[in-house]
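start_17.tsv follows; it contains TSV, C-alpha atoms.
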chain	number	residue	atom	x	y	z
A	19	MET	CA	55.05	-56.29	6.90
A	20	ALA	CA	57.50	-53.48	7.48
A	21	GLN	CA	59.63	-52.68	4.44
A	22	VAL	CA	62.49	-51.11	6.41
A	23	LEU	CA	64.07	-51.63	9.83
A	24	VAL	CA	65.68	-48.64	11.53
A	25	VAL	CA	68.19	-49.06	14.37
A	26	CYS	CA	68.84	-45.58	15.73
A	27	GLY	CA	69.54	-43.70	18.94
A	28	ALA	CA	72.40	-42.21	20.90
A	29	THR	CA	76.07	-42.91	20.39
A	30	ALA	CA	77.62	-45.86	22.27
A	31	THR	CA	74.36	-47.80	22.58
A	32	GLY	CA	75.40	-50.78	20.47
A	33	LYS	CA	73.55	-49.81	17.28
A	34	THR	CA	76.23	-51.14	14.94
A	35	ARG	CA	76.28	-54.68	16.30
A	36	LEU	CA	72.50	-54.90	16.71
A	37	ALA	CA	71.94	-53.73	13.13
A	38	ALA	CA	74.47	-56.19	11.72
A	39	GLU	CA	72.92	-59.07	13.67
A	40	CYS	CA	69.44	-58.16	12.44
A	41	ALA	CA	70.61	-57.83	8.84
A	42	LEU	CA	72.38	-61.18	9.09
A	43	ARG	CA	69.16	-62.88	10.16
A	44	LEU	CA	67.17	-61.05	7.51
A	45	VAL	CA	69.73	-61.93	4.82
A	46	SER	CA	69.77	-58.25	4.02
A	47	CYS	CA	72.13	-55.29	4.32
A	48	VAL	CA	72.93	-52.32	6.54
A	49	VAL	CA	72.62	-48.78	5.20
A	50	SER	CA	74.66	-46.52	7.47
A	51	ALA	CA	73.04	-43.25	8.50
A	52	ASP	CA	76.00	-41.58	10.16
A	53	SER	CA	77.27	-38.22	8.93
A	54	GLN	CA	80.89	-39.04	9.85
A	55	LEU	CA	81.15	-42.63	8.62
A	56	VAL	CA	80.78	-41.30	5.08
A	57	TYR	CA	84.32	-39.89	5.24
A	58	LYS	CA	87.36	-41.90	4.21
A	59	GLY	CA	90.25	-41.79	6.66
A	60	LEU	CA	88.17	-41.00	9.72
A	61	ASP	CA	88.12	-44.40	11.37
A	62	ILE	CA	89.02	-44.36	15.05
A	63	GLY	CA	87.16	-41.23	16.11
A	64	THR	CA	84.01	-42.33	14.29
A	65	ALA	CA	84.08	-45.89	15.66
A	66	LYS	CA	83.90	-47.12	12.07
A	67	PRO	CA	82.93	-50.82	12.08
A	68	SER	CA	85.61	-53.34	11.22
A	69	GLU	CA	85.03	-56.17	8.76
A	70	GLU	CA	84.65	-58.50	11.73
A	71	GLU	CA	81.98	-56.27	13.26
A	72	LYS	CA	80.06	-56.24	9.97
A	73	LEU	CA	79.48	-60.01	10.38
A	74	GLY	CA	79.82	-60.54	6.64
A	75	VAL	CA	76.77	-58.35	5.99
A	76	PRO	CA	76.98	-55.78	3.15
A	77	HIS	CA	77.29	-52.26	4.59
A	78	TYR	CA	76.58	-49.19	2.48
A	79	MET	CA	77.22	-45.44	2.83
A	80	ILE	CA	80.56	-45.89	4.61
A	81	ASP	CA	83.72	-44.32	3.10
A	82	VAL	CA	81.79	-42.71	0.24
A	83	ALA	CA	83.29	-39.22	0.52
A	84	GLY	CA	86.77	-37.76	0.65
A	85	PRO	CA	87.79	-35.86	3.80
A	86	THR	CA	87.78	-32.54	1.93
A	87	ASP	CA	84.29	-33.06	0.50
A	88	GLU	CA	81.35	-30.92	1.62
A	89	TYR	CA	78.96	-33.83	2.06
A	90	SER	CA	75.38	-32.77	2.78
A	91	VAL	CA	72.18	-34.53	3.78
A	92	SER	CA	70.98	-34.06	0.19
A	93	ASP	CA	74.10	-35.84	-1.08
A	94	TYR	CA	73.45	-38.63	1.36
A	95	ARG	CA	69.81	-39.04	0.39
A	96	ALA	CA	70.65	-39.07	-3.33
A	97	ALA	CA	73.08	-41.96	-2.82
A	98	ALA	CA	71.36	-43.93	-0.04
A	99	LEU	CA	67.71	-43.82	-1.09
A	100	PRO	CA	68.23	-45.89	-4.28
A	101	ILE	CA	70.01	-48.54	-2.20
A	102	VAL	CA	67.07	-48.79	0.19
A	103	GLU	CA	64.56	-48.86	-2.64
A	104	SER	CA	66.44	-51.49	-4.65
A	105	ASN	CA	66.59	-53.81	-1.63
A	106	ILE	CA	62.88	-53.39	-1.00
A	107	LYS	CA	62.20	-54.13	-4.66
A	108	ALA	CA	64.27	-57.32	-4.31
A	109	GLY	CA	62.06	-58.42	-1.42
A	110	LYS	CA	64.59	-57.65	1.29
A	111	ILE	CA	64.25	-55.57	4.46
A	112	PRO	CA	67.21	-53.16	4.57
A	113	VAL	CA	68.44	-52.08	8.00
A	114	ILE	CA	69.09	-48.35	8.30
A	115	CYS	CA	71.51	-47.81	11.17
A	116	GLY	CA	72.90	-44.63	12.65
A	117	GLY	CA	72.66	-41.68	14.94
A	118	THR	CA	72.33	-38.83	12.46
A	119	GLY	CA	68.65	-38.00	12.67
A	120	PHE	CA	68.57	-35.81	9.57
A	121	TYR	CA	70.05	-38.63	7.49
A	122	ILE	CA	67.46	-41.11	8.74
A	123	ASN	CA	64.59	-38.69	8.21
A	124	SER	CA	65.78	-37.96	4.67
A	125	LEU	CA	65.24	-41.64	3.83
A	126	LEU	CA	62.04	-42.28	5.76
A	127	PHE	CA	60.19	-39.10	4.79
A	128	ASP	CA	59.77	-36.99	1.68
A	129	MET	CA	61.68	-33.95	2.85
A	130	SER	CA	63.13	-31.27	0.61
A	131	TYR	CA	65.55	-29.76	3.17
A	132	GLY	CA	64.97	-26.40	1.61
A	133	GLY	CA	65.09	-27.41	-2.04
A	134	VAL	CA	67.89	-24.86	-2.47
A	135	ALA	CA	71.11	-26.00	-4.11
A	136	ALA	CA	74.40	-25.64	-2.26
A	137	ASN	CA	76.16	-22.33	-2.82
A	138	ALA	CA	79.89	-22.59	-2.15
A	139	ALA	CA	80.45	-18.82	-2.14
A	140	ILE	CA	77.83	-18.21	0.55
A	141	ARG	CA	79.10	-21.09	2.68
A	142	GLN	CA	82.68	-19.88	2.44
A	143	LYS	CA	81.62	-16.36	3.38
A	144	TYR	CA	79.99	-17.51	6.61
A	145	GLU	CA	82.72	-20.03	7.37
A	146	LYS	CA	85.25	-17.19	7.13
A	147	LEU	CA	83.06	-15.05	9.38
A	148	ALA	CA	82.98	-17.89	11.91
A	149	GLU	CA	86.78	-18.07	11.86
A	150	GLU	CA	87.19	-14.33	12.23
A	151	ARG	CA	84.37	-13.45	14.61
A	152	GLY	CA	83.23	-16.77	16.08
A	153	ARG	CA	80.27	-19.10	15.71
A	154	GLU	CA	78.15	-17.00	18.04
A	155	PHE	CA	78.39	-14.10	15.61
A	156	VAL	CA	77.25	-16.22	12.65
A	157	TYR	CA	74.43	-17.54	14.82
A	158	SER	CA	73.43	-13.95	15.64
A	159	VAL	CA	73.17	-13.24	11.91
A	160	LEU	CA	70.75	-16.16	11.58
A	161	GLN	CA	68.75	-14.85	14.56
A	162	GLN	CA	68.26	-11.61	12.67
A	163	THR	CA	67.58	-13.36	9.35
A	164	ASP	CA	65.36	-16.24	10.49
A	165	ALA	CA	64.71	-16.21	14.23
A	166	ALA	CA	62.44	-19.26	14.10
A	167	ALA	CA	65.12	-21.39	12.42
A	168	ALA	CA	67.77	-20.12	14.85
A	169	GLN	CA	65.63	-21.14	17.81
A	170	LYS	CA	65.82	-24.79	16.69
A	171	LEU	CA	69.60	-24.80	16.31
A	172	HIS	CA	72.54	-24.61	18.69
A	173	PRO	CA	75.13	-21.87	18.00
A	174	ASN	CA	77.83	-24.56	17.75
A	175	ASP	CA	75.94	-26.44	15.01
A	176	LEU	CA	77.72	-24.28	12.48
A	177	LYS	CA	77.02	-26.31	9.35
A	178	ARG	CA	73.23	-26.18	9.87
A	179	VAL	CA	73.33	-22.53	10.93
A	180	ILE	CA	75.17	-21.76	7.68
A	181	ARG	CA	72.76	-23.95	5.70
A	182	ALA	CA	69.82	-21.96	7.03
A	183	LEU	CA	71.57	-18.72	6.03
A	184	GLU	CA	72.38	-20.24	2.65
A	185	ILE	CA	68.71	-21.07	2.05
A	186	ALA	CA	67.65	-17.56	3.00
A	187	GLU	CA	70.32	-15.85	0.92
A	188	ALA	CA	70.36	-18.10	-2.18
A	189	GLY	CA	66.73	-19.17	-2.18
A	190	GLY	CA	65.08	-16.02	-0.96
A	191	VAL	CA	62.98	-17.96	1.54
A	192	LYS	CA	63.30	-18.58	5.25
A	193	LYS	CA	64.16	-22.14	6.25
A	194	SER	CA	61.50	-21.95	8.97
A	195	GLU	CA	58.82	-21.19	6.38
A	196	ILE	CA	59.52	-24.28	4.29
A	197	ASN	CA	56.96	-26.98	4.95
A	198	ASP	CA	58.81	-30.22	4.31
A	199	SER	CA	56.41	-33.12	3.95
A	200	SER	CA	56.57	-35.70	6.73
A	201	ALA	CA	54.68	-38.43	4.86
A	202	PRO	CA	56.55	-41.73	5.26
A	203	ARG	CA	57.99	-43.24	2.12
A	204	PHE	CA	58.01	-46.73	3.60
A	205	ASN	CA	56.29	-48.85	6.20
A	206	TYR	CA	59.08	-48.95	8.78
A	207	VAL	CA	59.86	-50.23	12.25
A	208	ALA	CA	62.28	-48.12	14.29
A	209	VAL	CA	64.03	-49.23	17.46
A	210	ALA	CA	66.53	-47.61	19.81
A	211	VAL	CA	68.37	-48.99	22.82
A	212	SER	CA	67.55	-46.98	25.94
A	213	PHE	CA	70.22	-47.09	28.64
A	214	PRO	CA	69.82	-45.36	32.00
A	215	ARG	CA	71.61	-42.02	31.69
A	216	GLU	CA	74.51	-42.81	34.03
A	217	GLU	CA	75.13	-46.14	32.33
A	218	LEU	CA	75.07	-44.48	28.92
A	219	TYR	CA	77.54	-41.85	30.08
A	220	GLU	CA	79.85	-44.54	31.41
A	221	ARG	CA	79.70	-46.36	28.07
A	222	ILE	CA	80.58	-43.09	26.32
A	223	ASN	CA	83.53	-42.53	28.65
A	224	ARG	CA	84.85	-46.04	28.00
A	225	ARG	CA	84.47	-45.58	24.24
A	226	VAL	CA	86.45	-42.35	24.29
A	227	ASP	CA	89.20	-44.00	26.35
A	228	SER	CA	89.29	-46.85	23.84
A	229	MET	CA	89.61	-44.39	20.95
A	230	PHE	CA	92.67	-42.82	22.54
A	231	GLU	CA	94.20	-46.22	23.20
A	232	SER	CA	93.59	-47.12	19.55
A	233	GLY	CA	95.49	-44.06	18.33
A	234	LEU	CA	92.99	-41.21	17.87
A	235	VAL	CA	95.64	-38.50	18.30
A	236	ASP	CA	97.91	-40.11	15.71
A	237	GLU	CA	94.96	-40.43	13.34
A	238	VAL	CA	94.26	-36.70	13.63
A	239	ARG	CA	97.93	-35.86	13.16
A	240	ALA	CA	98.04	-38.00	10.00
A	241	LEU	CA	94.98	-36.20	8.62
A	242	VAL	CA	96.54	-32.81	9.34
A	243	ALA	CA	99.73	-33.90	7.60
A	244	LYS	CA	97.59	-34.54	4.49
A	245	GLY	CA	96.20	-31.01	4.63
A	246	ILE	CA	92.92	-31.92	6.33
A	247	ASP	CA	92.34	-29.10	8.82
A	248	ILE	CA	89.59	-27.46	10.84
A	249	ASN	CA	88.17	-25.85	7.68
A	250	CYS	CA	87.12	-29.27	6.38
A	251	ARG	CA	83.61	-30.27	7.40
A	252	CYS	CA	84.70	-33.73	8.47
A	253	MET	CA	86.99	-32.24	11.11
A	254	GLN	CA	84.01	-30.66	12.86
A	255	ALA	CA	83.15	-34.12	14.18
A	256	ILE	CA	83.33	-34.64	17.93
A	257	GLY	CA	86.70	-36.13	18.74
A	258	TYR	CA	88.51	-34.58	15.82
A	259	LYS	CA	87.85	-30.90	16.46
A	260	GLU	CA	88.76	-31.24	20.15
A	261	VAL	CA	92.04	-33.02	19.40
A	262	LEU	CA	92.88	-30.39	16.79
A	263	GLU	CA	92.22	-27.57	19.25
A	264	CYS	CA	94.16	-29.22	22.05
A	265	LEU	CA	97.14	-29.95	19.79
A	266	LYS	CA	97.08	-26.33	18.72
A	267	ASN	CA	97.01	-25.12	22.32
A	268	GLY	CA	99.45	-27.71	23.63
A	269	SER	CA	96.87	-29.22	25.98
A	270	SER	CA	97.42	-32.58	27.61
A	271	GLU	CA	95.86	-35.83	26.46
A	272	SER	CA	93.92	-35.94	29.70
A	273	THR	CA	92.34	-32.60	28.85
A	274	MET	CA	91.49	-33.85	25.37
A	275	ARG	CA	89.77	-36.91	26.79
A	276	ASP	CA	87.72	-34.94	29.28
A	277	ILE	CA	86.52	-32.42	26.68
A	278	ILE	CA	85.58	-35.13	24.18
A	279	LYS	CA	83.73	-37.11	26.84
A	280	GLN	CA	81.77	-34.04	27.89
A	281	ASN	CA	80.90	-33.04	24.31
A	282	THR	CA	79.92	-36.60	23.42
A	283	ARG	CA	77.60	-36.83	26.42
A	284	ARG	CA	75.95	-33.58	25.36
A	285	TYR	CA	75.59	-34.86	21.82
A	286	ALA	CA	74.02	-38.10	23.05
A	287	LYS	CA	71.45	-36.06	24.94
A	288	ARG	CA	70.55	-34.15	21.77
A	289	GLN	CA	70.30	-37.42	19.83
A	290	LEU	CA	67.88	-38.85	22.38
A	291	THR	CA	65.72	-35.73	22.21
A	292	PHE	CA	65.66	-35.92	18.39
A	293	PHE	CA	64.83	-39.59	18.06
A	294	LYS	CA	62.08	-39.56	20.67
A	295	LYS	CA	60.15	-37.48	18.14
A	296	LEU	CA	60.40	-40.22	15.49
A	297	PRO	CA	56.86	-41.60	15.00
A	298	GLY	CA	56.47	-45.17	16.22
A	299	LEU	CA	59.93	-45.44	17.80
A	300	VAL	CA	60.24	-48.51	20.07
A	301	LEU	CA	62.61	-47.95	23.00
A	302	LEU	CA	64.28	-51.16	24.13
A	303	PRO	CA	65.96	-51.64	27.50
A	304	PRO	CA	69.49	-53.05	27.06
A	305	GLU	CA	68.50	-56.56	28.16
A	306	ARG	CA	65.89	-56.73	25.38
A	307	ALA	CA	68.04	-55.20	22.66
A	308	THR	CA	68.67	-58.44	20.75
A	309	ALA	CA	68.19	-59.33	17.12
A	310	GLU	CA	65.68	-61.97	18.16
A	311	ASN	CA	63.49	-59.44	19.96
A	312	VAL	CA	63.78	-56.85	17.20
A	313	LEU	CA	62.70	-59.39	14.58
A	314	LYS	CA	59.71	-60.29	16.76
A	315	ILE	CA	58.72	-56.62	16.62
A	316	LEU	CA	59.11	-56.74	12.84
A	317	ASP	CA	56.92	-59.84	12.64
A	318	SER	CA	54.24	-58.18	14.74
A	319	ASN	CA	54.02	-55.47	12.07
A	320	ALA	CA	53.26	-57.96	9.33

Spit out the file's structure as structure tokens when you get a sec.
Amino acid sequence: MAQVLVVCGATATGKTRLAAECALRLVSCVVSADSQLVYKGLDIGTAKPSEEEKLGVPHYMIDVAGPTDEYSVSDYRAAALPIVESNIKAGKIPVICGGTGFYINSLLFDMSYGGVAANAAIRQKYEKLAEERGREFVYSVLQQTDAAAAQKLHPNDLKRVIRALEIAEAGGVKKSEINDSSAPRFNYVAVAVSFPREELYERINRRVDSMFESGLVDEVRALVAKGIDINCRCMQAIGYKEVLECLKNGSSESTMRDIIKQNTRRYAKRQLTFFKKLPGLVLLPPERATAENVLKILDSNA
């Protein structure tokens, strides 16, 4: 039988509730695989689950980092993998839930992600360059340094562009030349809810509207008042960076909403592309995305 259940996919597809319902039936836990839920204080813009939404199920890897921390996929794996393994050892089936593909892959597969330790000086150098000359310039440096790695990244994905440069500069090896093993650590079942594109986009739009109604702008202002600004990695999250920029420029709330909706839709598209490459992924239409059906899929893998 599968040792691990993965509930993944695009934002606004109901992953959180489905994972909690599955974990409740399995008498297990949920291990979050979301690169923004790790940060304390970022609640509204990340759609962080409430205690009610957790259904009484233990949830891990939420609020494990401070908003000024430089939390990496390696940090995540180091903390989350022992949780997954201890649950398996106890005879339970942990539910990994999230939309950050690199986090999920770090648990499911033996991947080194470069095997090069973080280098704060190099990161700060390129972050400063991005501030002074723009993300496109930093991306152009990566194109010259490691064209193959650059081809797989978007110029706006600054943290991964910088990580690739960090690997090249600190490790003396190109990220594209590192052959991370893709051998699965566990026997897993992975599911994702597949909405028709227009329906998904409408769900995203409603979620963004709900975030504003819940006080997203005030949340960002409160973070800024504590000294959390655009230089902090957590503030690169969709929702936060746009509000910061619009507040800086004096843009209207309507403009903020439209930009966030557009950027979230683009992000969802990238998520879908990423997860479709996950071996064995089962795509569920919304009407079949129930805990009962997911557990039937688990049973069929016994």

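Between atom CA of Thr282 of chain A and atom CA of Ala208 of chain A the interatomic distance comes to 23.0 Å.
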
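Of the listed residues A:Met253, A:Ala83, A:Ala65, A:Met229, the one whose atoms come nearest to Glu271 of chain A is A:Met229, with distances taken using all atoms listed in the file.
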
A:Lys193, A:Arg203, A:Lys170, A:Lys244: which is nearest Ile106 of chain A, counting only C-alpha atoms?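 Among the listed residues, A:Arg203 lies closest to Ile106 of chain A.
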
Go ahead and compute the interatomic distance for atom CA of Val156 of chain A and atom CA of Tyr144 of chain A, in Å to one decimal. 6.8 Å

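Distances to Glu231 of chain A were evaluated for A:Leu36, A:Ile62, A:Ala20, A:Ala309 using only C-alpha atoms, and the minimum falls at A:Ile62.
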
How close does each residue of segment 85-197 of chain A get to segment 48-55 of chain A, giving the shortest atom pair and distance in Å to one decimal for every residue with an atom at most 10 Å away, counting all atoms listed in the file, sorted by chain and residue number, as a Markdown table?
| residue | atom | partner | partner_atom | distance |
| --- | --- | --- | --- | --- |
| A:Pro85 | CA | A:Gln54 | CA | 9.7 |
| A:Tyr89 | CA | A:Ser53 | CA | 8.3 |
| A:Ser90 | CA | A:Ser53 | CA | 8.4 |
| A:Val91 | CA | A:Ser53 | CA | 8.1 |
| A:Tyr94 | CA | A:Ser53 | CA | 8.5 |
| A:Arg95 | CA | A:Ala51 | CA | 9.7 |
| A:Ala98 | CA | A:Val49 | CA | 7.3 |
| A:Leu99 | CA | A:Val49 | CA | 9.4 |
| A:Ile101 | CA | A:Val49 | CA | 7.9 |
| A:Val102 | CA | A:Val49 | CA | 7.5 |
| A:Ile111 | CA | A:Val48 | CA | 9.5 |
| A:Pro112 | CA | A:Val48 | CA | 6.1 |
| A:Val113 | CA | A:Val48 | CA | 4.7 |
| A:Ile114 | CA | A:Val49 | CA | 4.7 |
| A:Cys115 | CA | A:Ser50 | CA | 5.0 |
| A:Gly116 | CA | A:Ala51 | CA | 4.4 |
| A:Gly117 | CA | A:Asp52 | CA | 5.8 |
| A:Thr118 | CA | A:Asp52 | CA | 5.1 |
| A:Gly119 | CA | A:Ala51 | CA | 8.0 |
| A:Phe120 | CA | A:Ala51 | CA | 8.7 |
| A:Tyr121 | CA | A:Ala51 | CA | 5.6 |
| A:Ile122 | CA | A:Ala51 | CA | 6.0 |
| A:Asn123 | CA | A:Ala51 | CA | 9.6 |
| A:Ser124 | CA | A:Ala51 | CA | 9.8 |
| A:Leu125 | CA | A:Ala51 | CA | 9.2 |

Residues of the last selection are to be written out with C-alpha atoms, as a short mmCIF file (atom, residue, chain, number, x, y, z; two decimals), in the frame of the given file.
data_model
loop_
_atom_site.label_atom_id
_atom_site.label_comp_id
_atom_site.auth_asym_id
_atom_site.auth_seq_id
_atom_site.Cartn_x
_atom_site.Cartn_y
_atom_site.Cartn_z
CA PRO A 85 87.79 -35.86 3.80
CA TYR A 89 78.96 -33.83 2.06
CA SER A 90 75.38 -32.77 2.78
CA VAL A 91 72.18 -34.53 3.78
CA TYR A 94 73.45 -38.63 1.36
CA ARG A 95 69.81 -39.04 0.39
CA ALA A 98 71.36 -43.93 -0.04
CA LEU A 99 67.71 -43.82 -1.09
CA ILE A 101 70.01 -48.54 -2.20
CA VAL A 102 67.07 -48.79 0.19
CA ILE A 111 64.25 -55.57 4.46
CA PRO A 112 67.21 -53.16 4.57
CA VAL A 113 68.44 -52.08 8.00
CA ILE A 114 69.09 -48.35 8.30
CA CYS A 115 71.51 -47.81 11.17
CA GLY A 116 72.90 -44.63 12.65
CA GLY A 117 72.66 -41.68 14.94
CA THR A 118 72.33 -38.83 12.46
CA GLY A 119 68.65 -38.00 12.67
CA PHE A 120 68.57 -35.81 9.57
CA TYR A 121 70.05 -38.63 7.49
CA ILE A 122 67.46 -41.11 8.74
CA ASN A 123 64.59 -38.69 8.21
CA SER A 124 65.78 -37.96 4.67
CA LEU A 125 65.24 -41.64 3.83
#

Let me make sure I understand: among A:Val159, A:Val75, A:Leu290, A:Ala37, which one has the smallest atom-to-atom distance to Leu218 of chain A if we use only C-alpha atoms? A:Leu290

Padding 4 Å on each side, edges along x, y and z: where is the centre of the box around the listed atoms of segment 138-156 of chain A, and how long are its edges in Å to one decimal? Output it as JSON.
{"center_x": 82.2, "center_y": -18.0, "center_z": 7.9, "size_x": 17.9, "size_y": 17.1, "size_z": 28.2}

Around (65.8, -48.8, 16.2) in the file's own coordinates, what residues are found within 6 Å if you use only C-alpha atoms, given back as a ChimeraX atom specification? /A:24-26,208-210

Restricting the calculation to only C-alpha atoms, which member of A:Leu241, A:Leu160, A:Ala136, A:Ala168 is positioned closest to Leu183 of chain A?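 Closest to Leu183 of chain A, using only C-alpha atoms: A:Leu160.
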
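Those residues that approach Lys279 of chain A to within 10 Å, counting all atoms listed in the file, are Tyr219, Glu220, Ile222, Asn223, Arg224, Arg225, Val226, Asp227, Ile256, Gly257, Thr273 and Tyr285 of chain A; same-chain residues fewer than 6 positions away are not listed.
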
Create the file for the chosen residues now, containing C-alpha atoms and written as a PDB file, in the coordinates of the input.
ATOM      1  CA  TYR A 219      77.540 -41.850  30.080  1.00  0.00           C
ATOM      2  CA  GLU A 220      79.850 -44.540  31.410  1.00  0.00           C
ATOM      3  CA  ILE A 222      80.580 -43.090  26.320  1.00  0.00           C
ATOM      4  CA  ASN A 223      83.530 -42.530  28.650  1.00  0.00           C
ATOM      5  CA  ARG A 224      84.850 -46.040  28.000  1.00  0.00           C
ATOM      6  CA  ARG A 225      84.470 -45.580  24.240  1.00  0.00           C
ATOM      7  CA  VAL A 226      86.450 -42.350  24.290  1.00  0.00           C
ATOM      8  CA  ASP A 227      89.200 -44.000  26.350  1.00  0.00           C
ATOM      9  CA  ILE A 256      83.330 -34.640  17.930  1.00  0.00           C
ATOM     10  CA  GLY A 257      86.700 -36.130  18.740  1.00  0.00           C
ATOM     11  CA  THR A 273      92.340 -32.600  28.850  1.00  0.00           C
ATOM     12  CA  TYR A 285      75.590 -34.860  21.820  1.00  0.00           C
TER      13      TYR A 285
END

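Remark: for Glu184 of chain A, the closest of the candidate residues A:Gln142, A:Glu217, A:Ala28, A:Ser212 is A:Gln142 (distances computed over all atoms listed in the file).
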
Leaving out Arg35 of chain A and any residue of its chain fewer than 5 positions from it, which residues lie within 9 Å of it when counting all atoms listed in the file, given as number ranges by chain? A: 40, 67, 71-73

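Here atom CA of Asp61 of chain A is placed at a distance of 25.0 Å from atom CA of Phe213 of chain A.
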
Residue neighbourhood Lys110 of chain A, 8 Å, all atoms listed in the file, exclusion window fewer than 2 positions, as an NGL selection string: :A and (21 or 44-46 or 105-108 or 112)

Tell me which protein, DNA and RNA residues are within 12 Å of Lys143 of chain A, counting all atoms listed in the file, leaving out same-chain ones fewer than 3 positions away, and put them as a PDB file with C-alpha atoms, in the coordinates of the input.
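See around_23.pdb below for the written result:
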ATOM      1  CA  ASN A 137      76.160 -22.330  -2.820  1.00  0.00           C
ATOM      2  CA  ALA A 138      79.890 -22.590  -2.150  1.00  0.00           C
ATOM      3  CA  ALA A 139      80.450 -18.820  -2.140  1.00  0.00           C
ATOM      4  CA  ILE A 140      77.830 -18.210   0.550  1.00  0.00           C
ATOM      5  CA  LYS A 146      85.250 -17.190   7.130  1.00  0.00           C
ATOM      6  CA  LEU A 147      83.060 -15.050   9.380  1.00  0.00           C
ATOM      7  CA  ALA A 148      82.980 -17.890  11.910  1.00  0.00           C
ATOM      8  CA  GLU A 149      86.780 -18.070  11.860  1.00  0.00           C
ATOM      9  CA  GLU A 150      87.190 -14.330  12.230  1.00  0.00           C
ATOM     10  CA  ARG A 151      84.370 -13.450  14.610  1.00  0.00           C
ATOM     11  CA  VAL A 156      77.250 -16.220  12.650  1.00  0.00           C
ATOM     12  CA  ILE A 180      75.170 -21.760   7.680  1.00  0.00           C
ATOM     13  CA  ARG A 181      72.760 -23.950   5.700  1.00  0.00           C
ATOM     14  CA  LEU A 183      71.570 -18.720   6.030  1.00  0.00           C
ATOM     15  CA  GLU A 184      72.380 -20.240   2.650  1.00  0.00           C
ATOM     16  CA  GLU A 187      70.320 -15.850   0.920  1.00  0.00           C
TER      17      GLU A 187
END

(59.1, -48.0, 11.8) in this file's frame - what residues fall within 7 Å of it? Use all atoms listed in the file and give the answer as a VMD selection string. chain A and resid 23 to 24 205 to 208 298 to 299

When you look at Gln254 of chain A with a cut-off of 12 Å (counting all atoms listed in the file), what residues show up, excluding the ones that are within fewer than 6 positions of it in the same chain? I need them as a ChimeraX atom specification. /A:53-54,57,60,63-64,85-86,88,174-177,238,246-248,260-263

Output requested as a tab-separated table (two decimals), in the coordinates of the input - segment 61-71 of chain A, filled out with N, CA, C and O atoms.
chain	number	residue	atom	x	y	z
A	61	ASP	N	88.47	-43.05	10.94
A	61	ASP	CA	88.12	-44.40	11.37
A	61	ASP	C	87.98	-44.55	12.88
A	61	ASP	O	86.96	-45.01	13.38
A	62	ILE	N	89.01	-44.14	13.60
A	62	ILE	CA	89.02	-44.36	15.05
A	62	ILE	C	88.02	-43.46	15.75
A	62	ILE	O	87.20	-43.91	16.56
A	63	GLY	N	88.04	-42.19	15.43
A	63	GLY	CA	87.16	-41.23	16.11
A	63	GLY	C	85.70	-41.38	15.77
A	63	GLY	O	84.83	-40.86	16.47
A	64	THR	N	85.40	-42.10	14.68
A	64	THR	CA	84.01	-42.33	14.29
A	64	THR	C	83.52	-43.71	14.70
A	64	THR	O	82.36	-44.05	14.45
A	65	ALA	N	84.41	-44.50	15.30
A	65	ALA	CA	84.08	-45.89	15.66
A	65	ALA	C	83.58	-46.66	14.43
A	65	ALA	O	82.60	-47.39	14.49
A	66	LYS	N	84.29	-46.47	13.32
A	66	LYS	CA	83.90	-47.12	12.07
A	66	LYS	C	83.98	-48.64	12.24
A	66	LYS	O	84.96	-49.16	12.75
A	67	PRO	N	82.93	-49.37	11.84
A	67	PRO	CA	82.93	-50.82	12.08
A	67	PRO	C	84.00	-51.54	11.26
A	67	PRO	O	84.23	-51.21	10.10
A	68	SER	N	84.63	-52.52	11.90
A	68	SER	CA	85.61	-53.34	11.22
A	68	SER	C	84.88	-54.40	10.40
A	68	SER	O	83.67	-54.59	10.53
A	69	GLU	N	85.64	-55.10	9.55
A	69	GLU	CA	85.03	-56.17	8.76
A	69	GLU	C	84.45	-57.24	9.68
A	69	GLU	O	83.40	-57.82	9.39
A	70	GLU	N	85.14	-57.50	10.77
A	70	GLU	CA	84.65	-58.50	11.73
A	70	GLU	C	83.31	-58.06	12.33
A	70	GLU	O	82.38	-58.87	12.48
A	71	GLU	N	83.21	-56.78	12.66
A	71	GLU	CA	81.98	-56.27	13.26
A	71	GLU	C	80.81	-56.25	12.28
A	71	GLU	O	79.66	-56.27	12.68
